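Here is start.txt, consisting of compact mmCIF, C-alpha atoms:
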# COMPACT_ATOMS: atom_id res chain seq x y z
CA MET J 27 -43.51 17.29 45.46
CA ASN J 28 -42.46 20.32 43.54
CA ILE J 29 -41.12 19.93 39.99
CA PHE J 30 -38.50 22.64 40.62
CA ASN J 31 -36.83 20.69 43.44
CA LYS J 32 -36.29 17.53 41.33
CA LYS J 33 -32.74 17.16 39.96
CA PHE J 34 -32.11 16.00 36.41
CA GLY J 35 -28.79 14.69 35.08
CA PHE J 36 -26.29 11.88 35.35
CA THR J 37 -24.38 10.80 38.40
CA VAL J 38 -20.60 10.53 38.40
CA LEU J 39 -20.90 6.75 38.60
CA GLU J 40 -23.04 6.61 35.45
CA LEU J 41 -20.59 8.82 33.58
CA LEU J 42 -17.63 6.68 34.69
CA LEU J 43 -19.42 3.56 33.53
CA VAL J 44 -20.09 5.01 30.07
CA VAL J 45 -16.51 6.27 29.71
CA SER J 46 -15.05 2.91 30.77
CA ILE J 47 -17.25 1.01 28.28
CA PHE J 48 -16.20 3.44 25.55
CA ALA J 49 -12.51 2.92 26.45
CA ILE J 50 -12.88 -0.87 26.30
CA VAL J 51 -14.55 -0.70 22.90
CA MET J 52 -11.85 1.63 21.57
CA ALA J 53 -9.11 -0.66 22.87
CA PHE J 54 -10.37 -3.31 20.47
CA ALA J 55 -11.39 -1.02 17.61
CA ILE J 56 -8.20 1.01 17.13
CA PRO J 57 -5.89 -1.98 16.39
CA LYS J 58 -8.46 -3.41 13.97
CA PHE J 59 -8.70 -0.05 12.23
CA GLN J 60 -4.89 0.14 11.97
CA ASP J 61 -4.79 -3.38 10.52
CA SER J 62 -7.35 -2.44 7.90
CA LEU J 63 -5.28 0.62 6.91
CA ASN J 64 -2.17 -1.56 6.56
CA TYR J 65 -4.12 -4.08 4.50
CA THR J 66 -5.39 -1.30 2.23
CA ASP J 67 -1.86 0.03 1.68
CA LEU J 68 -0.64 -3.48 0.93
CA ALA J 69 -3.46 -4.15 -1.54
CA LYS J 70 -2.88 -0.85 -3.37
CA THR J 71 0.85 -1.47 -3.64
CA LYS J 72 0.27 -5.04 -4.81
CA ALA J 73 -2.01 -3.68 -7.54
CA ASP J 74 0.66 -1.10 -8.50
CA ILE J 75 3.28 -3.85 -8.88
CA LEU J 76 0.92 -5.88 -11.04
CA LEU J 77 0.19 -2.79 -13.13
CA ILE J 78 3.91 -2.12 -13.62
CA ARG J 79 4.53 -5.73 -14.70
CA THR J 80 1.56 -5.67 -17.07
CA THR J 81 2.68 -2.38 -18.62
CA ILE J 82 6.20 -3.78 -19.17
CA LYS J 83 4.74 -6.68 -21.16
CA GLU J 84 2.26 -4.46 -22.96
CA ASN J 85 5.03 -2.10 -24.11
CA LYS J 86 7.02 -5.06 -25.45
CA ASN J 87 3.99 -6.37 -27.33
CA ASN J 88 3.29 -2.92 -28.81
CA LYS J 89 6.89 -2.72 -30.03
CA LEU J 90 6.52 -6.16 -31.58
CA LEU J 91 3.40 -5.08 -33.46
CA THR J 92 4.81 -1.80 -34.72
CA ASN J 93 8.55 -2.46 -35.15
CA LYS J 94 8.51 -6.21 -35.70
CA THR J 95 11.12 -6.54 -32.93
CA ALA J 96 10.32 -7.61 -29.42
CA LYS J 97 12.45 -5.77 -26.91
CA TYR J 98 11.75 -4.70 -23.34
CA ASP J 99 12.19 -1.08 -22.31
CA ASP J 100 15.69 -0.14 -21.16
CA LYS J 101 14.32 1.59 -18.08
CA LEU J 102 10.95 2.11 -16.41
CA ASP J 103 11.05 5.87 -15.90
CA ASP J 104 8.39 6.52 -18.54
CA ILE J 105 6.17 3.79 -17.12
CA PHE J 106 6.38 5.29 -13.63
CA LYS J 107 5.52 8.76 -14.97
CA THR J 108 2.69 7.50 -17.17
CA LEU J 109 1.05 5.35 -14.50
CA ASP J 110 1.32 7.99 -11.78
CA ILE J 111 1.36 5.29 -9.12
CA GLY J 112 2.28 7.37 -6.13
CA ASP J 113 4.95 9.04 -4.07
CA GLU J 114 5.96 5.86 -2.27
CA TRP J 115 8.01 4.79 -5.30
CA SER J 116 11.38 6.32 -6.15
CA ILE J 117 13.85 5.66 -8.95
CA LYS J 118 17.27 4.69 -7.64
CA SER J 119 18.89 3.84 -11.00
CA SER J 120 17.82 2.64 -14.45
CA SER J 121 17.28 -0.85 -13.07
CA GLN J 122 16.64 -0.29 -9.34
CA TYR J 123 13.51 1.16 -7.79
CA GLU J 124 12.60 1.76 -4.15
CA LEU J 125 9.25 1.36 -2.49
CA ASN J 126 8.51 2.95 0.89
CA ILE J 127 5.64 1.18 2.62
CA GLN J 128 4.80 0.63 6.29
CA ASP J 129 7.99 2.41 7.43
CA LYS J 130 10.16 0.04 5.38
CA THR J 131 12.15 0.51 2.21
CA ILE J 132 12.03 -2.32 -0.29
CA GLU J 133 14.17 -2.42 -3.42
CA PHE J 134 12.93 -3.77 -6.73
CA LEU J 135 15.16 -4.76 -9.62
CA TYR J 136 14.20 -4.50 -13.29
CA ASP J 137 15.93 -6.80 -15.75
CA LYS J 138 15.62 -5.29 -19.22
CA ASP J 139 16.59 -8.55 -20.93
CA SER J 140 13.86 -10.70 -19.37
CA GLY J 141 11.38 -7.97 -18.42
CA GLN J 142 11.29 -9.18 -14.82
CA PHE J 143 10.40 -6.67 -12.10
CA ASP J 144 11.06 -8.37 -8.77
CA CYS J 145 11.80 -7.61 -5.17
CA LEU J 146 15.41 -7.94 -4.07
CA HIS J 147 14.51 -8.85 -0.49
CA THR J 148 13.15 -12.36 -1.02
CA LYS J 149 13.45 -13.24 2.67
CA LEU J 150 11.46 -10.20 3.80
CA GLU J 151 7.89 -11.09 4.73
CA LEU J 152 6.49 -7.86 3.33
CA CYS J 153 8.19 -8.49 0.00
CA GLU J 154 6.66 -11.94 -0.15
CA LYS J 155 3.19 -10.51 0.54
CA LEU J 156 3.59 -7.95 -2.23
CA THR J 157 4.79 -10.31 -4.93
CA ARG J 158 2.53 -13.33 -4.31
Represent the structure contained in this file as structure tokens.
Amino acid sequence: MNIFNKKFGFTVLELLLVVSIFAIVMAFAIPKFQDSLNYTDLAKTKADILLIRTTIKENKNNKLLTNKTAKYDDKLDDIFKTLDIGDEWSIKSSSQYELNIQDKTIEFLYDKDSGQFDCLHTKLELCEKLTR
């Protein structure tokens, strides 16, 4: 037997088998990857909301220490600029703020008297996940 007559390579059947196994694995992997991206976005936004709420209270406490009067900020514009929390937030008015996440727009309301920063859409599942 001559070494030059021997054929090396893969058959079409072997290639089809490898491609089909790869397709099956990807069919399971892509949705899991997408879920992990959504979870990451949700966790980051949840941390941003907590940071905003903490900064609201911190600003009030700093005013109490320096001015001897405890008063919440009238609006959160400075907080949003200082924290640099991302492009998904937008300022609608001095008390209303919008969050764009997972192709949805969620409105948050800031009450300057109580210092509360809460979601307006209490029935929305995404809002509940963000504020829990």
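Residues within 8 Å of Glu114 (chain J), counting all atoms listed in the file and excluding same-chain residues fewer than 5 positions away, are Leu125, Asn126 and Ile127 of chain J.
Around the point (16.4, -5.7, -8.7), within 8 Å and counting only C-alpha atoms, we find these residues: Ser121, Gln122, Tyr123, Glu133, Phe134, Leu135, Tyr136, Asp137, Phe143, Asp144, Cys145 and Leu146 of chain J.
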CA of Leu90 (chain J) to CA of Ser120 (chain J) measures 22.3 Å
**OP:** Excluding Ser140 (chain J) and residues on its chain fewer than 4 positions from it, collect all residues at most 12 Å away from it, counting all atoms listed in the file, and give them as a PyMOL selection string.
**Re:** chain J and resi 79+82-83+86+96-100+135-136+144
Residues at most 12 Å from Glu151 (chain J), counting only C-alpha atoms, excluding those fewer than 6 positions away in the same chain, as a tab-separated table (two decimals) with C-alpha atoms, in the frame of the given file?
chain	number	residue	atom	x	y	z
J	130	LYS	CA	10.16	0.04	5.38
J	132	ILE	CA	12.03	-2.32	-0.29
J	145	CYS	CA	11.80	-7.61	-5.17
J	157	THR	CA	4.79	-10.31	-4.93
J	158	ARG	CA	2.53	-13.33	-4.31
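Considering the residues J:Ile78, J:Ile111, J:Leu68, J:Leu91 and counting all atoms listed in the file, Gln142 (chain J) has its shortest atom-to-atom contact with J:Ile78.
All residues of protein, DNA or RNA that reach within 9 Å of Leu156 (chain J), judged by all atoms listed in the file and not counting those fewer than 6 positions away in the chain, are J:Leu68, J:Ala69, J:Thr71, J:Lys72, J:Ala73, J:Ile75, J:Cys145.
Pairwise distance (CA of Thr108 (chain J), CA of Asp139 (chain J)) equals 21.6 Å.
Between CA of Glu124 (chain J) and CA of Thr66 (chain J) there is a distance of 19.3 Å.
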Output, as JSON, the centre and edge lengths in Å (one decimal) of the axis-aligned box that contains all listed atoms of region 69-77 of chain J with 5 Å of margin on each side.
{"center_x": -0.1, "center_y": -3.4, "center_z": -7.3, "size_x": 16.7, "size_y": 15.0, "size_z": 21.6}
